[in-house]
file entry-v6.cif (mmCIF, N, CA and C atoms)
data_coords
#
loop_
_atom_site.label_atom_id
_atom_site.label_comp_id
_atom_site.auth_asym_id
_atom_site.auth_seq_id
_atom_site.Cartn_x
_atom_site.Cartn_y
_atom_site.Cartn_z
N MET A 1 128.40 107.16 126.17
CA MET A 1 127.04 106.85 125.74
C MET A 1 126.92 107.17 124.24
N THR A 2 126.48 106.19 123.49
CA THR A 2 126.28 106.40 122.06
C THR A 2 124.79 106.51 121.77
N ILE A 3 124.51 107.26 120.74
CA ILE A 3 123.12 107.45 120.34
C ILE A 3 122.86 106.62 119.10
N ASP A 4 121.81 105.78 119.18
CA ASP A 4 121.44 104.94 118.03
C ASP A 4 120.59 105.78 117.08
N THR A 5 121.13 106.08 115.91
CA THR A 5 120.40 106.89 114.94
C THR A 5 119.58 106.04 113.98
N THR A 6 119.65 104.73 114.09
CA THR A 6 118.91 103.85 113.19
C THR A 6 117.41 103.91 113.46
N LYS A 7 117.03 103.88 114.73
CA LYS A 7 115.61 103.84 115.10
C LYS A 7 114.82 105.06 114.60
N PRO A 8 115.34 106.28 114.76
CA PRO A 8 114.59 107.42 114.20
C PRO A 8 114.43 107.35 112.68
N TRP A 9 115.45 106.84 111.98
CA TRP A 9 115.35 106.71 110.53
C TRP A 9 114.27 105.69 110.16
N VAL A 10 114.24 104.57 110.86
CA VAL A 10 113.22 103.54 110.58
C VAL A 10 111.83 104.11 110.83
N GLU A 11 111.67 104.81 111.95
CA GLU A 11 110.38 105.42 112.26
C GLU A 11 109.97 106.42 111.19
N ALA A 12 110.90 107.26 110.76
CA ALA A 12 110.61 108.26 109.73
C ALA A 12 110.24 107.62 108.41
N ILE A 13 110.95 106.56 108.03
CA ILE A 13 110.65 105.87 106.76
C ILE A 13 109.29 105.19 106.83
N VAL A 14 109.00 104.51 107.94
CA VAL A 14 107.69 103.85 108.09
C VAL A 14 106.58 104.88 108.05
N ASP A 15 106.75 106.00 108.75
CA ASP A 15 105.73 107.05 108.78
C ASP A 15 105.51 107.63 107.39
N THR A 16 106.60 107.86 106.66
CA THR A 16 106.49 108.42 105.31
C THR A 16 105.83 107.45 104.34
N LEU A 17 106.18 106.18 104.44
CA LEU A 17 105.54 105.16 103.58
C LEU A 17 104.05 105.05 103.88
N LEU A 18 103.70 105.04 105.16
CA LEU A 18 102.28 105.01 105.52
C LEU A 18 101.56 106.26 105.01
N GLY A 19 102.21 107.40 105.17
CA GLY A 19 101.62 108.65 104.68
C GLY A 19 101.36 108.61 103.19
N THR A 20 102.31 108.09 102.44
CA THR A 20 102.13 107.99 100.99
C THR A 20 101.00 107.03 100.64
N ALA A 21 100.96 105.89 101.32
CA ALA A 21 99.92 104.90 101.05
C ALA A 21 98.52 105.43 101.39
N ILE A 22 98.43 106.25 102.42
CA ILE A 22 97.14 106.83 102.81
C ILE A 22 96.79 108.02 101.92
N ASN A 23 97.76 108.90 101.68
CA ASN A 23 97.47 110.16 101.01
C ASN A 23 97.20 110.05 99.52
N LEU A 24 97.83 109.11 98.84
CA LEU A 24 97.61 109.00 97.39
C LEU A 24 96.14 108.70 97.07
N PRO A 25 95.56 107.62 97.62
CA PRO A 25 94.14 107.40 97.31
C PRO A 25 93.22 108.49 97.88
N LEU A 26 93.57 109.00 99.08
CA LEU A 26 92.77 110.06 99.67
C LEU A 26 92.79 111.31 98.80
N ASN A 27 93.95 111.63 98.25
CA ASN A 27 94.07 112.79 97.36
C ASN A 27 93.18 112.63 96.13
N ILE A 28 93.18 111.46 95.54
CA ILE A 28 92.34 111.22 94.36
C ILE A 28 90.86 111.37 94.71
N ILE A 29 90.46 110.82 95.84
CA ILE A 29 89.06 110.92 96.28
C ILE A 29 88.68 112.38 96.54
N LEU A 30 89.55 113.10 97.25
CA LEU A 30 89.24 114.49 97.58
C LEU A 30 89.21 115.37 96.34
N LEU A 31 90.11 115.13 95.39
CA LEU A 31 90.08 115.91 94.15
C LEU A 31 88.81 115.61 93.35
N TRP A 32 88.40 114.35 93.36
CA TRP A 32 87.16 113.98 92.67
C TRP A 32 85.97 114.69 93.32
N LEU A 33 85.93 114.69 94.66
CA LEU A 33 84.85 115.39 95.37
C LEU A 33 84.87 116.89 95.09
N ALA A 34 86.05 117.47 95.10
CA ALA A 34 86.16 118.91 94.83
C ALA A 34 85.65 119.23 93.44
N HIS A 35 85.98 118.38 92.48
CA HIS A 35 85.49 118.58 91.11
C HIS A 35 83.97 118.42 91.05
N LYS A 36 83.47 117.38 91.74
CA LYS A 36 82.03 117.12 91.75
C LYS A 36 81.27 118.27 92.40
N TRP A 37 81.85 118.85 93.45
CA TRP A 37 81.23 119.96 94.15
C TRP A 37 81.53 121.31 93.50
N SER A 38 82.27 121.31 92.40
CA SER A 38 82.66 122.52 91.68
C SER A 38 83.36 123.55 92.57
N LEU A 39 84.28 123.07 93.39
CA LEU A 39 85.03 123.96 94.26
C LEU A 39 86.08 124.73 93.45
N SER A 40 86.38 125.91 93.91
CA SER A 40 87.44 126.69 93.27
C SER A 40 88.80 126.11 93.64
N ILE A 41 89.84 126.59 93.00
CA ILE A 41 91.19 126.11 93.29
C ILE A 41 91.55 126.42 94.75
N VAL A 42 91.22 127.61 95.21
CA VAL A 42 91.52 127.99 96.59
C VAL A 42 90.74 127.11 97.57
N ASP A 43 89.45 126.91 97.31
CA ASP A 43 88.64 126.06 98.18
C ASP A 43 89.17 124.63 98.21
N THR A 44 89.59 124.12 97.05
CA THR A 44 90.15 122.78 96.98
C THR A 44 91.44 122.70 97.78
N GLY A 45 92.29 123.70 97.65
CA GLY A 45 93.54 123.73 98.40
C GLY A 45 93.31 123.74 99.91
N VAL A 46 92.35 124.54 100.35
CA VAL A 46 92.03 124.60 101.77
C VAL A 46 91.48 123.26 102.25
N LEU A 47 90.58 122.67 101.48
CA LEU A 47 90.02 121.36 101.83
C LEU A 47 91.12 120.31 101.97
N LEU A 48 92.01 120.24 100.99
CA LEU A 48 93.10 119.26 101.03
C LEU A 48 94.01 119.51 102.23
N ALA A 49 94.36 120.76 102.48
CA ALA A 49 95.24 121.09 103.60
C ALA A 49 94.64 120.68 104.94
N ILE A 50 93.36 120.97 105.13
CA ILE A 50 92.70 120.62 106.39
C ILE A 50 92.64 119.11 106.58
N VAL A 51 92.21 118.39 105.56
CA VAL A 51 92.08 116.94 105.66
C VAL A 51 93.44 116.29 105.87
N PHE A 52 94.45 116.69 105.08
CA PHE A 52 95.78 116.09 105.22
C PHE A 52 96.41 116.44 106.56
N PHE A 53 96.15 117.63 107.08
CA PHE A 53 96.66 118.01 108.39
C PHE A 53 96.10 117.09 109.47
N ILE A 54 94.80 116.89 109.45
CA ILE A 54 94.15 116.03 110.45
C ILE A 54 94.65 114.59 110.34
N ILE A 55 94.70 114.07 109.13
CA ILE A 55 95.17 112.70 108.92
C ILE A 55 96.63 112.56 109.35
N ALA A 56 97.46 113.54 109.06
CA ALA A 56 98.88 113.48 109.43
C ALA A 56 99.06 113.46 110.95
N ILE A 57 98.31 114.27 111.67
CA ILE A 57 98.40 114.30 113.13
C ILE A 57 98.01 112.93 113.70
N ILE A 58 96.92 112.37 113.21
CA ILE A 58 96.47 111.06 113.69
C ILE A 58 97.50 109.99 113.36
N ARG A 59 97.98 109.98 112.11
CA ARG A 59 98.95 108.97 111.68
C ARG A 59 100.25 109.08 112.48
N LYS A 60 100.76 110.28 112.62
CA LYS A 60 102.02 110.46 113.34
C LYS A 60 101.89 110.07 114.81
N THR A 61 100.77 110.35 115.41
CA THR A 61 100.55 109.96 116.81
C THR A 61 100.54 108.44 116.94
N ILE A 62 99.84 107.77 116.04
CA ILE A 62 99.78 106.30 116.08
C ILE A 62 101.16 105.70 115.86
N VAL A 63 101.91 106.20 114.89
CA VAL A 63 103.25 105.67 114.61
C VAL A 63 104.17 105.92 115.80
N ARG A 64 104.14 107.12 116.40
CA ARG A 64 104.99 107.44 117.54
C ARG A 64 104.67 106.54 118.73
N VAL A 65 103.37 106.34 119.01
CA VAL A 65 102.97 105.48 120.13
C VAL A 65 103.42 104.04 119.87
N TYR A 66 103.28 103.57 118.64
CA TYR A 66 103.71 102.21 118.30
C TYR A 66 105.21 102.04 118.55
N PHE A 67 106.02 102.97 118.04
CA PHE A 67 107.46 102.84 118.19
C PHE A 67 107.90 103.06 119.65
N LYS A 68 107.23 103.92 120.38
CA LYS A 68 107.54 104.12 121.80
C LYS A 68 107.21 102.85 122.58
N HIS A 69 106.08 102.24 122.30
CA HIS A 69 105.69 100.99 122.96
C HIS A 69 106.71 99.89 122.65
N LYS A 70 107.11 99.82 121.40
CA LYS A 70 108.10 98.82 120.97
C LYS A 70 109.44 99.06 121.68
N GLU A 71 109.84 100.32 121.80
CA GLU A 71 111.09 100.68 122.48
C GLU A 71 111.02 100.36 123.97
N ASP A 72 109.91 100.70 124.61
CA ASP A 72 109.73 100.41 126.04
C ASP A 72 109.74 98.91 126.31
N LYS A 73 109.11 98.16 125.44
CA LYS A 73 109.05 96.70 125.59
C LYS A 73 110.47 96.12 125.49
N TYR A 74 111.27 96.63 124.56
CA TYR A 74 112.64 96.16 124.40
C TYR A 74 113.49 96.51 125.62
N ILE A 75 113.32 97.71 126.16
CA ILE A 75 114.08 98.14 127.33
C ILE A 75 113.76 97.27 128.54
N HIS A 76 112.49 96.92 128.72
CA HIS A 76 112.09 96.11 129.87
C HIS A 76 112.55 94.66 129.73
N GLU A 77 112.77 94.19 128.51
CA GLU A 77 113.23 92.82 128.31
C GLU A 77 114.72 92.69 128.60
N VAL A 78 115.46 93.79 128.46
CA VAL A 78 116.93 93.73 128.64
C VAL A 78 117.31 93.78 130.08
#
call {"tool": "encode", "arguments": {"input": "entry-v6.cif", "output": "structure tokens"}}
result
Amino acid sequence: MTIDTTKPWVEAIVDTLLGTAINLPLNIILLWLAHKWSLSIVDTGVLLAIVFFIIAIIRKTIVRVYFKHKEDKYIHEV
């Protein structure tokens, strides 16, 4: 039995690209809000960490479900 290592790499690359596409504009918006609200550096760091944590969990769940569904569909077709 051989293990296909291509699929995990594709999933990781897709997830990372999506994360970058989501996080870059979100980071700019959150930093602008932090500045507008006159948050301290610590408060800004906590805000960013909480928001990015939540977004990452949601994104990773969606990507994992998508790739699992795609894998299951392929297995049933074979």
call {"tool": "resolve_selection", "arguments": {"input": "entry-v6.cif", "expression": "the PyMOL selection byres (((chain A and resi 10-20 and name CA) around 9) and name CA)", "output": "MDAnalysis selection string"}}
result
chainID A and resid 6:9 21:25 55:56 59:60 63:64 67
call {"tool": "axis_aligned_box", "arguments": {"input": "entry-v6.cif", "around": "range 3-16 of chain A", "padding_each_side": "4 Å", "output": "AutoDock Vina command-line options"}}
result
--center_x 115.0 --center_y 106.0 --center_z 112.5 --size_x 27.0 --size_y 12.9 --size_z 24.4
call {"tool": "atom_distance", "arguments": {"input": "entry-v6.cif", "atom1": "atom C of Leu30 in chain A", "atom2": "atom C of Thr44 in chain A"}}
result
7.8 Å
call {"tool": "atom_distance", "arguments": {"input": "entry-v6.cif", "atom1": "atom C of Val46 in chain A", "atom2": "CA of Ala34 in chain A"}}
result
10.1 Å
call {"tool": "atom_distance", "arguments": {"input": "entry-v6.cif", "atom1": "CA of Asp43 in chain A", "atom2": "CA of Thr61 in chain A"}}
result
27.4 Å
